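A.B. asks: So that you have it, the file is data.cif, and it contains mmCIF, C-alpha atoms:
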```cif
data_query
#
loop_
_atom_site.label_atom_id
_atom_site.label_comp_id
_atom_site.auth_asym_id
_atom_site.auth_seq_id
_atom_site.Cartn_x
_atom_site.Cartn_y
_atom_site.Cartn_z
CA MET U 90 2.65 7.80 29.27
CA LYS U 91 -0.19 8.41 26.84
CA LYS U 92 0.82 8.04 23.20
CA PRO U 93 0.01 10.94 20.85
CA ASN U 94 -2.82 10.71 18.34
CA VAL U 95 -1.54 10.50 14.77
CA VAL U 96 -3.74 12.16 12.18
CA ILE U 97 -3.66 11.92 8.39
CA THR U 98 -3.51 15.42 6.95
CA GLY U 99 -2.51 14.68 3.36
CA MET U 100 -2.93 11.93 0.77
CA GLY U 101 -1.51 11.45 -2.71
CA ALA U 102 -1.87 8.68 -5.29
CA ILE U 103 -0.76 7.90 -8.80
CA SER U 104 -1.46 4.67 -10.65
CA ALA U 105 -3.16 3.39 -13.75
CA ALA U 106 -6.45 4.30 -12.03
CA GLY U 107 -5.57 8.01 -12.08
CA ALA U 108 -2.80 10.58 -12.00
CA ASN U 109 -4.08 11.84 -8.64
CA LEU U 110 -6.64 10.93 -6.00
CA THR U 111 -9.48 12.87 -7.62
CA GLU U 112 -9.02 11.05 -10.93
CA THR U 113 -8.75 7.75 -9.08
CA LEU U 114 -12.03 8.23 -7.23
CA ASP U 115 -13.70 9.08 -10.53
CA THR U 116 -12.39 5.81 -11.98
CA PHE U 117 -13.63 3.94 -8.93
CA GLN U 118 -17.05 5.54 -9.21
CA ARG U 119 -17.36 4.44 -12.84
CA GLY U 120 -16.37 0.92 -11.83
CA GLN U 121 -14.27 0.35 -14.93
CA ALA U 122 -11.45 -2.16 -14.81
CA ASN U 123 -8.20 -0.83 -16.20
CA LYS U 124 -6.97 -2.63 -19.28
CA LYS U 125 -3.46 -1.20 -18.99
CA PRO U 126 -2.10 -1.12 -15.42
CA VAL U 127 1.18 0.47 -16.48
CA PHE U 128 1.90 3.88 -17.95
CA GLU U 129 2.38 4.42 -21.68
CA HIS U 130 5.83 5.85 -21.00
CA ARG U 131 7.55 4.06 -18.15
CA MET U 132 8.28 6.21 -15.12
CA SER U 133 11.01 5.68 -12.56
CA THR U 134 10.09 4.89 -8.98
CA LEU U 135 11.39 8.26 -7.82
CA ILE U 136 9.21 10.16 -10.31
CA LEU U 137 6.14 8.19 -9.22
CA ALA U 138 6.95 8.79 -5.54
CA LEU U 139 7.48 12.51 -6.03
CA CYS U 140 4.17 12.86 -7.90
CA ALA U 141 2.28 11.32 -4.98
CA VAL U 142 4.35 13.21 -2.39
CA ASP U 143 3.64 16.51 -4.15
CA GLU U 144 -0.11 15.86 -4.06
CA ALA U 145 -0.01 14.78 -0.41
CA LEU U 146 1.98 17.86 0.64
CA ASP U 147 -0.49 20.11 -1.19
CA ASP U 148 -3.36 18.34 0.53
CA ALA U 149 -1.64 18.84 3.89
CA GLU U 150 -0.77 22.49 3.12
CA LEU U 151 2.76 21.72 4.19
CA LYS U 152 5.00 22.78 1.30
CA LYS U 153 5.88 26.23 2.62
CA ASP U 154 6.37 25.16 6.22
CA ILE U 155 8.18 21.86 5.88
CA GLU U 156 11.51 23.15 7.17
CA ASP U 157 9.84 24.41 10.36
CA PHE U 158 9.16 20.87 11.58
CA ARG U 159 10.97 17.59 12.10
CA VAL U 160 9.69 15.73 9.05
CA GLY U 161 10.58 12.07 8.61
CA VAL U 162 10.37 10.13 5.34
CA CYS U 163 9.69 6.39 5.31
CA LEU U 164 8.99 4.78 1.94
CA GLY U 165 8.63 1.21 0.80
CA THR U 166 9.89 -0.07 -2.54
CA THR U 167 11.00 -3.33 -4.14
CA VAL U 168 11.84 -2.74 -7.79
CA ALA U 169 13.83 0.41 -7.00
CA SER U 170 15.97 -1.66 -4.62
CA GLN U 171 16.94 -4.10 -7.37
CA LEU U 172 19.85 -3.84 -9.78
CA ASN U 173 17.67 -3.33 -12.85
CA ASP U 174 20.32 -3.17 -15.55
CA VAL U 175 19.66 -6.06 -17.94
CA ASP U 176 22.74 -5.17 -20.00
CA PHE U 177 24.86 -5.64 -16.87
CA TYR U 178 23.53 -9.15 -16.32
CA ARG U 179 23.85 -10.04 -19.99
CA SER U 180 27.43 -8.83 -20.21
CA TYR U 181 28.50 -10.52 -16.99
CA ARG U 182 26.87 -13.80 -17.95
CA SER U 183 28.43 -13.94 -21.41
CA THR U 184 31.88 -12.49 -20.69
CA GLY U 185 32.37 -12.59 -16.94
CA LYS U 186 32.87 -8.83 -17.00
CA ALA U 187 30.57 -5.79 -16.86
CA SER U 188 30.78 -2.06 -16.24
CA MET U 189 30.30 -1.21 -12.58
CA ASP U 190 28.51 2.05 -13.38
CA SER U 191 25.08 0.54 -12.84
CA VAL U 192 26.24 -1.05 -9.56
CA ASP U 193 27.50 2.33 -8.35
CA ARG U 194 24.13 3.92 -9.21
CA PHE U 195 22.35 1.10 -7.40
CA LEU U 196 24.43 1.48 -4.24
CA LYS U 197 23.80 5.24 -4.20
CA GLY U 198 20.09 4.83 -4.79
CA ASN U 199 17.85 5.38 -1.77
CA LEU U 200 14.23 6.30 -2.46
CA ALA U 201 13.44 7.85 0.92
CA GLN U 202 16.68 9.82 0.96
CA ALA U 203 16.08 11.13 -2.56
CA VAL U 204 12.58 12.29 -1.61
CA ALA U 205 13.81 13.83 1.65
CA ASN U 206 16.53 15.73 -0.20
CA THR U 207 14.04 17.00 -2.77
CA ILE U 208 11.52 18.34 -0.26
CA LYS U 209 14.19 19.38 2.31
CA ALA U 210 12.91 17.12 5.08
CA LYS U 211 15.21 17.02 8.11
CA GLY U 212 13.86 14.12 10.15
CA PRO U 213 14.58 10.37 10.17
CA CYS U 214 14.79 8.71 6.77
CA VAL U 215 14.32 5.01 5.98
CA THR U 216 13.63 2.94 2.88
CA VAL U 217 11.75 -0.28 3.66
CA VAL U 218 12.29 -3.26 1.34
CA ASN U 219 9.96 -6.02 2.44
CA ALA U 220 8.45 -7.25 -0.83
CA CYS U 221 4.80 -6.39 -1.43
CA SER U 222 4.08 -5.35 2.16
CA SER U 223 6.79 -2.66 2.00
CA GLY U 224 4.43 0.31 1.61
CA ALA U 225 2.24 -0.78 4.51
CA ASP U 226 5.27 -1.56 6.66
CA ALA U 227 6.72 1.89 5.91
CA ILE U 228 3.51 3.45 7.21
CA GLY U 229 3.83 1.30 10.33
CA VAL U 230 7.42 2.46 10.88
CA ALA U 231 6.36 6.10 10.45
CA LEU U 232 3.57 5.59 12.99
CA SER U 233 6.11 4.31 15.53
CA TRP U 234 8.34 7.35 14.90
CA LEU U 235 5.49 9.72 15.67
CA MET U 236 4.27 7.81 18.71
CA ASN U 237 7.78 7.75 20.16
CA GLY U 238 8.71 11.35 19.47
CA GLU U 239 11.22 10.78 16.67
CA CYS U 240 9.57 13.43 14.48
CA ASP U 241 6.55 15.73 14.32
CA ILE U 242 5.41 14.83 10.79
CA ALA U 243 6.09 11.78 8.63
CA ILE U 244 5.70 11.21 4.92
CA ALA U 245 5.02 7.51 4.42
CA GLY U 246 3.86 5.04 1.81
CA GLY U 247 5.22 3.08 -1.12
CA ALA U 248 6.23 3.36 -4.76
CA ASP U 249 7.32 0.99 -7.51
CA GLU U 250 7.95 1.10 -11.22
CA LEU U 251 7.91 -1.85 -13.61
CA ASN U 252 10.70 -3.23 -15.72
CA ARG U 253 11.77 -6.57 -17.13
CA ILE U 254 13.18 -7.90 -13.86
CA PRO U 255 9.89 -8.24 -11.92
CA ILE U 256 7.98 -9.08 -15.10
CA CYS U 257 10.29 -12.03 -15.74
CA GLY U 258 10.31 -13.02 -12.08
CA PHE U 259 6.55 -13.12 -11.63
CA GLY U 260 6.20 -14.76 -15.04
CA ALA U 261 8.59 -17.52 -13.95
CA LEU U 262 6.33 -18.20 -10.96
CA GLY U 263 3.39 -18.72 -13.33
CA ILE U 264 1.11 -16.29 -11.50
CA VAL U 265 0.63 -13.56 -14.13
CA SER U 266 -2.71 -13.46 -15.94
CA GLU U 267 -2.88 -12.44 -19.59
CA SER U 268 -6.48 -11.32 -19.06
CA LEU U 269 -7.79 -8.78 -16.54
CA CYS U 270 -7.28 -9.99 -13.00
CA ALA U 271 -10.28 -11.22 -10.99
CA PRO U 272 -9.56 -11.01 -7.24
CA PHE U 273 -11.32 -13.70 -5.17
CA ASP U 274 -13.18 -15.02 -8.23
CA ARG U 275 -13.54 -18.76 -8.69
CA ASP U 276 -11.94 -18.57 -12.14
CA ARG U 277 -9.08 -16.21 -11.25
CA LYS U 278 -5.92 -16.86 -13.26
CA GLY U 279 -3.36 -14.64 -11.59
CA LEU U 280 -2.31 -11.05 -11.11
CA ASN U 281 -1.75 -8.09 -13.41
CA LEU U 282 1.43 -6.16 -12.66
CA GLY U 283 1.09 -2.40 -12.28
CA GLU U 284 3.09 0.59 -11.12
CA GLY U 285 2.38 3.62 -8.99
CA ALA U 286 2.76 5.32 -5.62
CA GLY U 287 0.59 6.09 -2.61
CA ILE U 288 1.61 8.56 0.10
CA LEU U 289 0.20 9.65 3.47
CA VAL U 290 1.21 12.73 5.44
CA LEU U 291 1.02 11.71 9.08
CA GLU U 292 1.47 14.03 12.02
CA LYS U 293 0.92 14.33 15.70
CA GLU U 294 -2.46 15.86 16.42
CA THR U 295 -0.76 18.58 18.45
CA CYS U 296 1.39 19.49 15.45
CA ALA U 297 -1.62 19.58 13.13
CA ARG U 298 -3.45 21.88 15.55
CA LYS U 299 -0.42 24.14 15.72
CA ARG U 300 -0.46 24.42 11.92
CA GLY U 301 -4.21 25.08 11.91
CA ARG U 302 -4.95 21.81 10.14
CA LYS U 303 -8.02 19.78 10.98
CA SER U 304 -8.41 16.17 9.89
CA VAL U 305 -11.07 13.61 10.67
CA LEU U 306 -8.79 10.77 9.53
CA TYR U 307 -6.22 9.19 11.78
CA LEU U 308 -3.90 6.21 11.72
CA ALA U 309 -5.24 4.06 14.51
CA GLY U 310 -3.14 0.91 14.39
CA TYR U 311 -0.61 -1.26 12.59
CA GLY U 312 0.21 -4.93 12.91
CA ALA U 313 2.79 -7.18 11.25
CA SER U 314 3.74 -10.84 11.34
CA ALA U 315 5.82 -13.37 9.45
CA ASP U 316 4.59 -16.84 8.47
CA ALA U 317 8.06 -18.42 8.22
CA TYR U 318 6.35 -20.96 5.97
CA HIS U 319 7.54 -20.58 2.37
CA LEU U 320 9.60 -18.23 0.22
CA THR U 321 6.67 -17.12 -1.95
CA ALA U 322 3.49 -18.87 -0.75
CA PRO U 323 1.44 -17.78 2.29
CA ARG U 324 0.78 -20.14 5.16
CA PRO U 325 -2.34 -22.12 4.08
CA ASP U 326 -4.28 -21.66 7.32
CA GLY U 327 -3.96 -17.85 7.24
CA THR U 328 -2.74 -17.58 10.83
CA GLY U 329 0.04 -15.17 9.85
CA LEU U 330 -2.37 -12.59 8.46
CA GLU U 331 -4.75 -13.23 11.34
CA ALA U 332 -1.98 -12.36 13.80
CA ALA U 333 -1.19 -9.11 11.96
CA LEU U 334 -4.86 -8.15 11.94
CA ASN U 335 -5.29 -8.84 15.64
CA ARG U 336 -2.20 -6.77 16.48
CA ALA U 337 -3.48 -3.85 14.42
CA LEU U 338 -6.89 -4.01 16.10
CA ALA U 339 -5.27 -4.21 19.53
CA GLU U 340 -3.11 -1.16 18.86
CA ALA U 341 -6.21 0.71 17.69
CA HIS U 342 -8.04 -0.37 20.88
CA ILE U 343 -11.04 -1.58 18.89
CA MET U 344 -12.85 -4.86 18.22
CA ALA U 345 -13.24 -6.67 14.90
CA GLN U 346 -16.92 -5.69 14.78
CA ASP U 347 -15.90 -2.01 14.70
CA ILE U 348 -14.47 -2.43 11.17
CA CYS U 349 -16.88 -1.35 8.44
CA PHE U 350 -14.87 -2.67 5.47
CA VAL U 351 -11.60 -4.30 4.49
CA ASN U 352 -9.49 -3.14 1.57
CA ALA U 353 -7.93 -6.53 0.89
CA HIS U 354 -4.58 -7.32 -0.70
CA GLY U 355 -6.53 -9.45 -3.20
CA THR U 356 -3.95 -10.16 -5.92
CA ALA U 357 -6.13 -12.68 -7.82
CA THR U 358 -3.58 -15.46 -7.40
CA ARG U 359 -4.90 -18.86 -6.35
CA ASP U 360 -3.09 -19.16 -3.01
CA ASN U 361 -3.18 -15.54 -1.85
CA ASP U 362 -6.90 -15.00 -2.30
CA LYS U 363 -7.83 -18.30 -0.69
CA VAL U 364 -5.64 -17.76 2.36
CA GLU U 365 -6.63 -14.11 2.73
CA GLY U 366 -10.33 -14.97 2.46
CA ILE U 367 -10.01 -17.63 5.16
CA ALA U 368 -8.22 -15.22 7.52
CA LEU U 369 -10.63 -12.33 6.93
CA GLU U 370 -13.67 -14.53 7.58
CA ARG U 371 -12.13 -15.87 10.76
CA VAL U 372 -11.43 -12.38 12.13
CA PHE U 373 -14.40 -10.37 10.80
CA GLY U 374 -17.06 -12.92 9.83
CA LYS U 375 -18.35 -13.88 6.41
CA ASP U 376 -20.52 -10.77 6.03
CA ILE U 377 -17.70 -8.21 6.22
CA LYS U 378 -17.70 -5.78 3.31
CA VAL U 379 -14.52 -6.47 1.39
CA LEU U 380 -12.97 -5.41 -1.91
CA SER U 381 -9.72 -5.45 -3.82
CA THR U 382 -8.75 -2.40 -5.87
CA LYS U 383 -6.14 -4.28 -7.91
CA GLY U 384 -8.60 -4.66 -10.77
CA PHE U 385 -8.20 -0.89 -11.18
CA THR U 386 -4.48 -0.52 -10.50
CA GLY U 387 -2.85 -3.88 -11.09
CA HIS U 388 -0.51 -5.16 -8.40
CA THR U 389 1.84 -2.25 -7.81
CA LEU U 390 4.15 -4.32 -5.58
CA ALA U 391 5.56 -2.08 -2.80
CA GLY U 392 3.30 0.71 -4.02
CA ALA U 393 0.23 -1.35 -3.14
CA GLY U 394 0.37 -0.83 0.62
CA GLY U 395 0.68 2.94 0.20
CA LEU U 396 -1.98 3.21 -2.49
CA GLU U 397 -4.47 1.04 -0.66
CA ALA U 398 -3.98 2.94 2.60
CA VAL U 399 -4.82 6.12 0.67
CA PHE U 400 -7.85 4.43 -0.92
CA THR U 401 -9.02 3.23 2.49
CA GLY U 402 -8.80 6.72 3.98
CA ALA U 403 -10.55 8.25 0.98
CA ALA U 404 -13.37 5.69 1.20
CA LEU U 405 -13.99 6.55 4.86
CA LEU U 406 -14.18 10.24 3.91
CA GLU U 407 -16.44 9.62 0.90
CA GLY U 408 -18.70 7.10 2.64
CA TRP U 409 -18.51 4.47 -0.12
CA ILE U 410 -16.30 1.77 -1.56
CA PRO U 411 -16.12 0.81 -5.24
CA ALA U 412 -17.04 -2.51 -6.76
CA SER U 413 -14.34 -5.16 -6.54
CA VAL U 414 -13.97 -5.35 -10.30
CA GLY U 415 -13.29 -8.75 -11.82
CA PHE U 416 -15.32 -10.70 -9.28
CA GLU U 417 -18.25 -12.65 -10.77
CA HIS U 418 -18.27 -16.21 -9.41
CA GLN U 419 -18.08 -17.31 -5.80
CA ASP U 420 -15.23 -19.67 -5.00
CA GLU U 421 -16.48 -22.35 -2.60
CA GLU U 422 -13.06 -22.41 -0.94
CA ILE U 423 -13.24 -18.68 -0.08
CA PRO U 424 -15.75 -17.86 2.68
CA ILE U 425 -16.09 -14.13 1.93
CA THR U 426 -17.79 -12.34 -0.98
CA PRO U 427 -16.40 -9.07 -2.37
CA VAL U 428 -18.80 -6.24 -3.16
CA THR U 429 -19.89 -6.17 -6.81
CA GLU U 430 -21.16 -2.59 -6.99
CA LYS U 431 -20.48 0.78 -5.46
CA THR U 432 -21.41 0.26 -1.82
CA HIS U 433 -22.18 2.84 0.84
CA ILE U 434 -20.51 2.30 4.19
CA GLN U 435 -21.25 3.45 7.71
CA GLY U 436 -18.67 3.24 10.42
CA SER U 437 -15.54 4.80 11.81
CA PHE U 438 -12.84 2.20 11.11
CA ALA U 439 -11.48 0.28 8.12
CA VAL U 440 -8.58 -2.08 7.50
CA SER U 441 -6.09 -2.34 4.66
CA THR U 442 -4.11 -5.59 4.36
CA SER U 443 -0.84 -6.41 2.60
CA LEU U 444 0.72 -9.83 2.05
CA ALA U 445 4.20 -10.42 0.70
CA PHE U 446 6.79 -12.96 -0.32
CA GLY U 447 8.71 -14.36 2.60
CA GLY U 448 5.48 -14.77 4.55
CA ASN U 449 5.23 -11.10 5.45
CA ASN U 450 1.81 -9.85 6.56
CA ALA U 451 0.79 -6.30 7.43
CA ALA U 452 -2.47 -4.66 8.44
CA ILE U 453 -3.30 -0.98 8.91
CA VAL U 454 -6.34 0.40 10.73
CA ILE U 455 -7.54 3.84 9.66
CA GLY U 456 -10.16 5.69 11.67
CA LYS U 457 -12.49 8.61 11.07
CA LYS U 458 -13.55 10.94 13.87
CA ARG U 459 -14.88 14.37 14.57
CA TRP U 460 -12.32 17.05 15.46
CA ASN U 461 -12.54 17.85 19.17
#
```
Rewrite the structure of this file - the entire thing - as structure tokens.

C.D. replies:
Amino acid sequence: MKKPNVVITGMGAISAAGANLTETLDTFQRGQANKKPVFEHRMSTLILALCAVDEALDDAELKKDIEDFRVGVCLGTTVASQLNDVDFYRSYRSTGKASMDSVDRFLKGNLAQAVANTIKAKGPCVTVVNACSSGADAIGVALSWLMNGECDIAIAGGADELNRIPICGFGALGIVSESLCAPFDRDRKGLNLGEGAGILVLEKETCARKRGRKSVLYLAGYGASADAYHLTAPRPDGTGLEAALNRALAEAHIMAQDICFVNAHGTATRDNDKVEGIALERVFGKDIKVLSTKGFTGHTLAGAGGLEAVFTGAALLEGWIPASVGFEHQDEEIPITPVTEKTHIQGSFAVSTSLAFGGNNAAIVIGKKRWN
């Protein structure tokens, strides 16, 4: 049986690069690295998610009609799945006792369910917690729902806030840079943590036609793999990411040479960038146009896969990708070279990659076509 085409009819984004997609593209066009990848007043993950969902639903012209369709919600998060009450830990450590109020709130917290309740979505609802590939994996889950008839429309992506828990955790690993991050650069010193949300509205092409919506963007493929190598480090030979990329390309029924650019995970950590560069060169060749947008947003953890899927779709629509800010010096151990200026692109397909602790790898293929 032929699987349905899944089109992208709405996109929403909020991060340090902009409060919406329009502001973000303006930031990208200026090519200015963001010196503060977190918000002046910290926002909760739910607030960030709802901001991006609201923009995506507006873009999809779906707000008034949402209850007329089976709408699923699949969102990735990491920080929002943690028990983030420092006072709880402090009290328990010092006295052996602590109020269970924060634990009760944690157990009742479910990002996808909260969003679904807010927008009155009646379809399947799942929160994906898979470290920094969560947003991309959530999009992959939503794609499978649509292709297998579980819903007509899916709201998918990722969102994460920042608080002391991940800040302390990443700091303990020694991979946080005090200066602006420099993805793939020879002198990179680590990542900058950020916060934000990126959301796609996905729907069967038949549903979009029924609603009178036309979209040239579609979600062509998704691939995932697990290295099973190390708790936090990627497999050095990059075969895990390579497998995810090949699965995504196979599901999209395209070849590696059909990809016009790669929106890389590119965290600016020593191991990640080296391994990712090796895998990308092996699959796409050393001349593939590649960038990381984390110099603009910081590493938004589970939000990254959602945000970067949105950025990838927007770049295909706009016909250009921004400079990979922070990159200045070629690393001899990395066989690819990120773009250093706004670069025009020609082609119908692009890839967004996400790597995560636990050896998780995810790749999404987004396509652009003419409406038939």

A.B. asks: Convert the output of the PyMOL selection byres ((chain U and resi 250) around 12) on the shown file into explicit residues, formatted as a PDB file with C-alpha atoms, keeping the file's coordinate frame.

C.D. replies:
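Now in part_38.pdb:
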```pdb
ATOM      1  CA  ILE U 103      -0.760   7.900  -8.800  1.00  0.00           C
ATOM      2  CA  SER U 104      -1.460   4.670 -10.650  1.00  0.00           C
ATOM      3  CA  ALA U 105      -3.160   3.390 -13.750  1.00  0.00           C
ATOM      4  CA  PRO U 126      -2.100  -1.120 -15.420  1.00  0.00           C
ATOM      5  CA  VAL U 127       1.180   0.470 -16.480  1.00  0.00           C
ATOM      6  CA  PHE U 128       1.900   3.880 -17.950  1.00  0.00           C
ATOM      7  CA  HIS U 130       5.830   5.850 -21.000  1.00  0.00           C
ATOM      8  CA  ARG U 131       7.550   4.060 -18.150  1.00  0.00           C
ATOM      9  CA  MET U 132       8.280   6.210 -15.120  1.00  0.00           C
ATOM     10  CA  SER U 133      11.010   5.680 -12.560  1.00  0.00           C
ATOM     11  CA  THR U 134      10.090   4.890  -8.980  1.00  0.00           C
ATOM     12  CA  LEU U 135      11.390   8.260  -7.820  1.00  0.00           C
ATOM     13  CA  ILE U 136       9.210  10.160 -10.310  1.00  0.00           C
ATOM     14  CA  LEU U 137       6.140   8.190  -9.220  1.00  0.00           C
ATOM     15  CA  ALA U 138       6.950   8.790  -5.540  1.00  0.00           C
ATOM     16  CA  THR U 166       9.890  -0.070  -2.540  1.00  0.00           C
ATOM     17  CA  THR U 167      11.000  -3.330  -4.140  1.00  0.00           C
ATOM     18  CA  VAL U 168      11.840  -2.740  -7.790  1.00  0.00           C
ATOM     19  CA  ALA U 169      13.830   0.410  -7.000  1.00  0.00           C
ATOM     20  CA  SER U 170      15.970  -1.660  -4.620  1.00  0.00           C
ATOM     21  CA  GLN U 171      16.940  -4.100  -7.370  1.00  0.00           C
ATOM     22  CA  ASN U 173      17.670  -3.330 -12.850  1.00  0.00           C
ATOM     23  CA  LEU U 200      14.230   6.300  -2.460  1.00  0.00           C
ATOM     24  CA  GLY U 247       5.220   3.080  -1.120  1.00  0.00           C
ATOM     25  CA  ALA U 248       6.230   3.360  -4.760  1.00  0.00           C
ATOM     26  CA  ASP U 249       7.320   0.990  -7.510  1.00  0.00           C
ATOM     27  CA  LEU U 251       7.910  -1.850 -13.610  1.00  0.00           C
ATOM     28  CA  ASN U 252      10.700  -3.230 -15.720  1.00  0.00           C
ATOM     29  CA  ARG U 253      11.770  -6.570 -17.130  1.00  0.00           C
ATOM     30  CA  ILE U 254      13.180  -7.900 -13.860  1.00  0.00           C
ATOM     31  CA  PRO U 255       9.890  -8.240 -11.920  1.00  0.00           C
ATOM     32  CA  ILE U 256       7.980  -9.080 -15.100  1.00  0.00           C
ATOM     33  CA  LEU U 282       1.430  -6.160 -12.660  1.00  0.00           C
ATOM     34  CA  GLY U 283       1.090  -2.400 -12.280  1.00  0.00           C
ATOM     35  CA  GLU U 284       3.090   0.590 -11.120  1.00  0.00           C
ATOM     36  CA  GLY U 285       2.380   3.620  -8.990  1.00  0.00           C
ATOM     37  CA  ALA U 286       2.760   5.320  -5.620  1.00  0.00           C
ATOM     38  CA  GLY U 387      -2.850  -3.880 -11.090  1.00  0.00           C
ATOM     39  CA  HIS U 388      -0.510  -5.160  -8.400  1.00  0.00           C
ATOM     40  CA  THR U 389       1.840  -2.250  -7.810  1.00  0.00           C
ATOM     41  CA  LEU U 390       4.150  -4.320  -5.580  1.00  0.00           C
ATOM     42  CA  ALA U 391       5.560  -2.080  -2.800  1.00  0.00           C
ATOM     43  CA  GLY U 392       3.300   0.710  -4.020  1.00  0.00           C
ATOM     44  CA  ALA U 393       0.230  -1.350  -3.140  1.00  0.00           C
TER      45      ALA U 393
END
```

A.B. asks: Around (12.0, 6.1, 6.1) in the file's own coordinates, what residues are found within 12 Å if you use only C-alpha atoms, given back as a PyMOL selection string?

C.D. replies: chain U and resi 160-166+199-205+210-218+223-224+226-234+239-240+242-247

A.B. asks: Kindly give the distance, in Å, that separates CA of Pro424 in chain U and CA of Asp376 in chain U, rounded to a single decimal.

C.D. replies: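 Straight-line distance from CA of Pro424 in chain U to CA of Asp376 in chain U works out to 9.2 Å.
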
A.B. asks: Considering only C-alpha atoms, can you say which of U:Ala439, U:Ala332, U:Ala322, U:Ala451 comes closest to Ile264 in chain U?

C.D. replies: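 Ranked by minimum distance to Ile264 in chain U, first place goes to U:Ala322.
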
A.B. asks: Within 9 Å of Ser314 in chain U, counting only C-alpha atoms, which residues show up once you throw out same-chain ones fewer than 3 positions away? Write them as a PyMOL selection string, please.

C.D. replies: chain U and resi 329-333+336+448-451

A.B. asks: Any chance you could work out the axis-aligned box around range 327-342 of chain U, listed atoms only, 5 Å on each side, giving centre and edge lengths in Å to one decimal, as lines of an AutoDock Vina configuration file?

C.D. replies:
```
center_x = -4.0
center_y = -8.6
center_z = 14.1
size_x = 18.1
size_y = 28.6
size_z = 23.6
```

A.B. asks: Work out how far apart CA of Arg277 in chain U and CA of Gly263 in chain U are and give it in Å to one decimal.

C.D. replies: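 Between these atoms lies a distance of 12.9 Å.
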